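Asks: Got a structure for you, written out below as structure tokens; questions coming shortly.
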Amino acid sequence: MNHHLNSKQLARYHSLGYLDCGRVMSDAAVTELRDIADRFAAEAQAGSIGLSTEPDQSYTLFTPVFTRNARYKELVLQHAVILDIVESVLGPVFRLVEDQLFYKPPRHGGALALHQDNGYYGYDEPKIVTCWIALDDATPENGCLKILPGSHRQEVRHDPIPGSIIIRADVDESQLIDVPAAAGTLIVFDGLLVHGSDPNTTDRPRRVANMVAIVPTADGTFRKFDDTLNPYLRGAPA
Ligand SMILES: O=C(O)CCC(=O)C(=O)O
């Protein structure tokens, strides 16, 4: 049995630029992924990137994860349901752009400025799906995803935020919506969907696992894919 999106789900994805796919991770997998996120956060491993633009408000991103943790690779990059869902959008051949663990600590700011993922990647013709998996119940209080529905139809300008690696999309924010998600839920969105998140004001961490997939067109990208860091997730040439 495959887990491809049906035509109604695909139509919704293409119209809004994102889709809530419901719970795809078992409780056991969520627990394991939380432990992995906690270990990365505790060890402050190399590869951590501070996402906060406010002083003393740590919000950390870890990437790559799968090269350092084989279980993350099995649980996320090789998750059959996630791969089927991505395949329904991107077709049979796609590679990993990157995987990421997001760790938003308790009672910390850590808002993430609105952006399109391709604002960071800069691909010319991005056919990208980002898979965002809640490892905690994500709510407006702890900084769930905020998105601008329909914003994936065009690239928008991004302005750098001085003193950080962060960029901010130049958009009208009046139509922003929160996308709460129970732990284990998969939200997929287009590489051009404008999104971000608010601070975590609760006393528990907000953790997210993600992976970003792309159709590797021979032209239309300026990045060279690396066979180790950007493995084929489906459709590897023989
Ligand atoms: O969950 C967040 O805070 C933002 C995640 C994000 O930007 C992404 O998955 O591309």
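Identifiers in this document derive from the order of the structure tokens: chains are assigned A, B, ..., residues are numbered from 1 separately in each chain, and ligands are numbered from 1 in order of occurrence.
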As a compact mmCIF listing (two decimals) with N, CA and C atoms, in the first residue's frame, please: every protein or nucleic acid residue near ligand 1 (cut-off 7 Å, counting only C-alpha atoms and all ligand atoms).

Replies:
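Final output, saved to selection.txt:
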# COMPACT_ATOMS: atom_id res chain seq x y z
N PHE A 102 15.26 21.35 14.93
CA PHE A 102 15.05 22.69 15.49
C PHE A 102 14.78 22.53 16.98
N LEU A 112 11.46 32.92 14.86
CA LEU A 112 12.19 32.78 13.59
C LEU A 112 11.52 33.66 12.55
N ASP A 117 11.96 29.05 2.29
CA ASP A 117 13.19 28.25 2.43
C ASP A 117 14.15 28.54 1.28
N THR A 130 9.40 20.90 1.85
CA THR A 130 9.93 20.80 3.21
C THR A 130 8.98 19.96 4.04
N TRP A 132 8.07 19.03 7.74
CA TRP A 132 8.22 19.58 9.11
C TRP A 132 7.45 18.67 10.04
N GLY A 143 5.32 28.52 19.92
CA GLY A 143 5.96 28.87 18.65
C GLY A 143 5.74 27.84 17.55
N CYS A 144 4.46 27.50 17.31
CA CYS A 144 4.16 26.62 16.18
C CYS A 144 4.49 27.35 14.87
N LEU A 145 4.36 26.63 13.77
CA LEU A 145 4.58 27.28 12.47
C LEU A 145 3.56 28.39 12.25
N HIS A 195 7.00 31.38 5.79
CA HIS A 195 6.70 30.83 7.12
C HIS A 195 7.73 31.30 8.14
N GLY A 196 7.42 31.10 9.40
CA GLY A 196 8.32 31.44 10.50
C GLY A 196 7.68 30.93 11.76
N SER A 197 8.14 31.41 12.91
CA SER A 197 7.52 30.99 14.16
C SER A 197 7.79 32.02 15.25
N VAL A 208 11.44 20.13 16.71
CA VAL A 208 10.94 19.81 15.37
C VAL A 208 12.03 19.06 14.61
N ASN A 210 13.04 17.88 10.68
CA ASN A 210 12.61 18.18 9.33
C ASN A 210 13.57 17.61 8.31

Asks: Write out as a ChimeraX atom specification which residues come within 10 Å of Ala236 of chain A when counting only C-alpha atoms, dropping same-chain ones fewer than 5 positions away.

Replies: /A:92-95,231

Asks: Taking the chain letters and numbering used in this document, name the residues of segment 78-224 of chain A that DSSP puts in strand (DSSP E), as a PyMOL selection string.

Replies: chain A and resi 94-104+112-115+128-134+145-147+158-160+167-169+177-179+185-190+195-197+206-214

Asks: Let's have the selection written as a short mmCIF file (atom, residue, chain, number, x, y, z; two decimals), in the first residue's frame, with N, CA and C atoms.

Replies:
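Output below, filename result.cif:
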data_model
loop_
_atom_site.label_atom_id
_atom_site.label_comp_id
_atom_site.auth_asym_id
_atom_site.auth_seq_id
_atom_site.Cartn_x
_atom_site.Cartn_y
_atom_site.Cartn_z
N PHE A 94 13.94 12.38 -6.30
CA PHE A 94 14.25 13.57 -5.49
C PHE A 94 15.40 13.26 -4.55
N ARG A 95 16.10 14.34 -4.20
CA ARG A 95 17.27 14.24 -3.32
C ARG A 95 17.03 15.04 -2.06
N LEU A 96 17.88 14.80 -1.09
CA LEU A 96 17.85 15.61 0.13
C LEU A 96 18.59 16.93 -0.12
N VAL A 97 17.96 18.05 0.26
CA VAL A 97 18.70 19.32 0.32
C VAL A 97 19.44 19.36 1.65
N GLU A 98 18.68 19.18 2.73
CA GLU A 98 19.28 19.08 4.05
C GLU A 98 18.24 18.55 5.03
N ASP A 99 18.73 18.04 6.14
CA ASP A 99 17.82 17.71 7.24
C ASP A 99 18.15 18.66 8.40
N GLN A 100 17.20 18.83 9.31
CA GLN A 100 17.39 19.83 10.36
C GLN A 100 16.64 19.40 11.62
N LEU A 101 17.28 19.63 12.76
CA LEU A 101 16.57 19.52 14.05
C LEU A 101 16.45 20.93 14.59
N PHE A 102 15.26 21.35 14.93
CA PHE A 102 15.05 22.69 15.49
C PHE A 102 14.78 22.53 16.98
N TYR A 103 15.53 23.26 17.79
CA TYR A 103 15.36 23.17 19.25
C TYR A 103 15.07 24.55 19.80
N LYS A 104 13.83 24.76 20.23
CA LYS A 104 13.41 26.04 20.79
C LYS A 104 13.28 25.83 22.29
N LEU A 112 11.46 32.92 14.86
CA LEU A 112 12.19 32.78 13.59
C LEU A 112 11.52 33.66 12.55
N ALA A 113 12.31 34.56 11.97
CA ALA A 113 11.75 35.54 11.03
C ALA A 113 11.12 34.85 9.82
N LEU A 114 10.07 35.47 9.31
CA LEU A 114 9.38 34.92 8.14
C LEU A 114 10.35 34.79 6.98
N HIS A 115 10.23 33.67 6.27
CA HIS A 115 11.12 33.44 5.13
C HIS A 115 10.54 32.38 4.21
N ILE A 128 10.78 22.15 -4.49
CA ILE A 128 11.21 21.77 -3.14
C ILE A 128 10.00 21.48 -2.26
N VAL A 129 10.09 20.42 -1.49
CA VAL A 129 9.10 20.17 -0.43
C VAL A 129 9.84 20.09 0.89
N THR A 130 9.40 20.90 1.85
CA THR A 130 9.93 20.80 3.21
C THR A 130 8.98 19.96 4.04
N CYS A 131 9.55 18.98 4.76
CA CYS A 131 8.76 18.11 5.63
C CYS A 131 9.06 18.51 7.07
N TRP A 132 8.07 19.03 7.74
CA TRP A 132 8.22 19.58 9.11
C TRP A 132 7.45 18.67 10.04
N ILE A 133 8.14 18.10 11.02
CA ILE A 133 7.50 17.10 11.89
C ILE A 133 7.56 17.58 13.34
N ALA A 134 6.39 17.78 13.93
CA ALA A 134 6.34 18.23 15.32
C ALA A 134 6.78 17.09 16.24
N LEU A 145 4.36 26.63 13.77
CA LEU A 145 4.58 27.28 12.47
C LEU A 145 3.56 28.39 12.25
N LYS A 146 4.00 29.48 11.66
CA LYS A 146 3.10 30.53 11.18
C LYS A 146 3.33 30.59 9.68
N ILE A 147 2.26 30.66 8.93
CA ILE A 147 2.45 30.66 7.47
C ILE A 147 1.56 31.69 6.79
N HIS A 158 14.04 39.13 0.30
CA HIS A 158 14.43 38.90 1.69
C HIS A 158 15.49 39.93 2.06
N ASP A 159 15.35 40.49 3.25
CA ASP A 159 16.34 41.44 3.75
C ASP A 159 17.17 40.77 4.83
N PRO A 160 18.49 40.94 4.79
CA PRO A 160 19.33 40.37 5.86
C PRO A 160 19.06 41.06 7.18
N ILE A 167 17.47 35.97 7.44
CA ILE A 167 16.88 36.91 6.49
C ILE A 167 15.39 37.02 6.79
N ARG A 168 14.80 38.14 6.37
CA ARG A 168 13.38 38.35 6.64
C ARG A 168 12.64 38.64 5.34
N ALA A 169 11.57 37.91 5.10
CA ALA A 169 10.79 38.12 3.88
C ALA A 169 10.03 39.43 3.96
N ILE A 177 -1.29 32.92 9.37
CA ILE A 177 -2.08 32.04 10.25
C ILE A 177 -1.14 31.11 11.04
N ASP A 178 -1.58 30.72 12.22
CA ASP A 178 -0.87 29.71 13.00
C ASP A 178 -1.25 28.33 12.48
N VAL A 179 -0.30 27.40 12.55
CA VAL A 179 -0.59 26.02 12.18
C VAL A 179 -0.22 25.12 13.36
N THR A 185 2.94 14.94 14.07
CA THR A 185 2.26 15.42 12.85
C THR A 185 3.27 15.89 11.82
N LEU A 186 2.96 15.59 10.57
CA LEU A 186 3.79 16.06 9.44
C LEU A 186 3.06 17.19 8.72
N ILE A 187 3.76 18.32 8.60
CA ILE A 187 3.27 19.40 7.74
C ILE A 187 4.24 19.46 6.55
N VAL A 188 3.71 19.40 5.34
CA VAL A 188 4.59 19.56 4.18
C VAL A 188 4.30 20.92 3.56
N PHE A 189 5.36 21.58 3.09
CA PHE A 189 5.13 22.87 2.43
C PHE A 189 6.12 23.12 1.31
N ASP A 190 5.71 24.00 0.43
CA ASP A 190 6.49 24.36 -0.76
C ASP A 190 7.71 25.19 -0.36
N HIS A 195 7.00 31.38 5.79
CA HIS A 195 6.70 30.83 7.12
C HIS A 195 7.73 31.30 8.14
N GLY A 196 7.42 31.10 9.40
CA GLY A 196 8.32 31.44 10.50
C GLY A 196 7.68 30.93 11.76
N SER A 197 8.14 31.41 12.91
CA SER A 197 7.52 30.99 14.16
C SER A 197 7.79 32.02 15.25
N ARG A 206 10.24 23.22 22.53
CA ARG A 206 9.49 22.90 21.30
C ARG A 206 10.51 22.37 20.30
N ARG A 207 10.36 21.08 19.97
CA ARG A 207 11.33 20.42 19.10
C ARG A 207 10.68 20.02 17.78
N VAL A 208 11.44 20.13 16.71
CA VAL A 208 10.94 19.81 15.37
C VAL A 208 12.03 19.06 14.61
N ALA A 209 11.62 18.00 13.91
CA ALA A 209 12.52 17.33 12.97
C ALA A 209 12.08 17.72 11.57
N ASN A 210 13.04 17.88 10.68
CA ASN A 210 12.61 18.18 9.33
C ASN A 210 13.57 17.61 8.31
N MET A 211 13.08 17.53 7.09
CA MET A 211 13.98 17.27 5.96
C MET A 211 13.41 17.99 4.75
N VAL A 212 14.31 18.43 3.90
CA VAL A 212 13.93 19.21 2.73
C VAL A 212 14.35 18.42 1.50
N ALA A 213 13.40 18.21 0.57
CA ALA A 213 13.67 17.41 -0.62
C ALA A 213 13.52 18.26 -1.87
N ILE A 214 14.29 17.92 -2.91
CA ILE A 214 14.28 18.71 -4.14
C ILE A 214 14.36 17.79 -5.35
#

Asks: Here is a test: counting only C-alpha atoms, which residue of A:Val89, A:Gly184, A:Arg107, A:Pro140 is nearest to Asn6 of chain A?

Replies: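 So, comparing all the options, the nearest one is A:Val89.
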
Asks: I'd like to know which of A:Lys224, A:Arg23, A:Arg153, A:Arg68 is closest to Leu135 of chain A, using only C-alpha atoms.

Replies: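 Nearest to Leu135 of chain A: A:Arg23.
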
Asks: Rank A:Asp137, A:Asp84, A:Glu155, A:Glu74 by their smallest atom-to-atom distance to Arg204 of chain A, using only C-alpha atoms, and report the top residue only.

Replies: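 Checking each candidate against Arg204 of chain A, we get A:Asp137 as the closest.
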
Asks: Of the residues A:Val24, A:Gly150, A:Leu192, A:Lys127, which is the one nearest to Val81 of chain A, using only C-alpha atoms?

Replies: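 That would be A:Val24, the residue with the smallest distance to Val81 of chain A.
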
Asks: Separation of atom CA of Glu43 of chain A and atom CA of Gly163 of chain A, in Å?

Replies: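 Separating atom CA of Glu43 of chain A from atom CA of Gly163 of chain A is a distance of 24.5 Å.
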
Asks: Could you list, as a list of chain:residue names, every residue within 10 Å of Tyr121 of chain A, counting only C-alpha atoms and ignoring same-chain residues fewer than 3 positions away?

Replies: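 So, after excluding close chain neighbours, the residues are A:Val97, A:Gln116, A:Asp117, A:Asn118, A:Asp124, A:Pro126, A:Gly191, A:Thr221, A:Phe222, A:Arg223.
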
Asks: Could those selected residues go to a file with N, CA and C atoms, as a CSV table (one decimal), in the first residue's frame?

Replies:
chain,number,residue,atom,x,y,z
A,97,VAL,N,18.0,18.0,0.3
A,97,VAL,CA,18.7,19.3,0.3
A,97,VAL,C,19.4,19.4,1.7
A,116,GLN,N,11.0,32.4,3.0
A,116,GLN,CA,10.8,31.2,2.1
A,116,GLN,C,12.1,30.4,2.2
A,117,ASP,N,12.0,29.1,2.3
A,117,ASP,CA,13.2,28.3,2.4
A,117,ASP,C,14.1,28.5,1.3
A,118,ASN,N,13.6,28.7,0.1
A,118,ASN,CA,14.5,29.0,-1.0
A,118,ASN,C,15.2,30.4,-0.9
A,124,ASP,N,17.5,28.2,-8.6
A,124,ASP,CA,16.8,29.0,-9.7
A,124,ASP,C,15.4,28.5,-9.9
A,126,PRO,N,13.1,26.2,-8.0
A,126,PRO,CA,13.0,25.3,-6.9
A,126,PRO,C,11.8,24.4,-7.0
A,191,GLY,N,8.8,25.0,-1.1
A,191,GLY,CA,10.0,25.8,-0.8
A,191,GLY,C,9.9,27.3,-0.9
A,221,THR,N,19.8,24.9,-11.2
A,221,THR,CA,20.3,25.1,-9.9
A,221,THR,C,21.7,25.5,-9.9
A,222,PHE,N,22.1,26.3,-9.0
A,222,PHE,CA,23.5,26.7,-9.0
A,222,PHE,C,24.3,25.8,-8.0
A,223,ARG,N,23.6,25.1,-7.2
A,223,ARG,CA,24.3,24.3,-6.2
A,223,ARG,C,24.8,23.0,-6.8

Asks: Running DSSP on the backbone, which parts of segment 114-208 of chain A land in helix (DSSP H, G or I), as a PyMOL selection string?

Replies: chain A and resi 117-121+151-153+173-175

Asks: Which residue gives the smallest distance to Val194 of chain A among A:Asp35, A:Ala111, A:Ala42, A:Tyr18, with only C-alpha atoms counted?

Replies: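 Of A:Asp35, A:Ala111, A:Ala42, A:Tyr18, the one nearest Val194 of chain A, counting only C-alpha atoms, is A:Tyr18.
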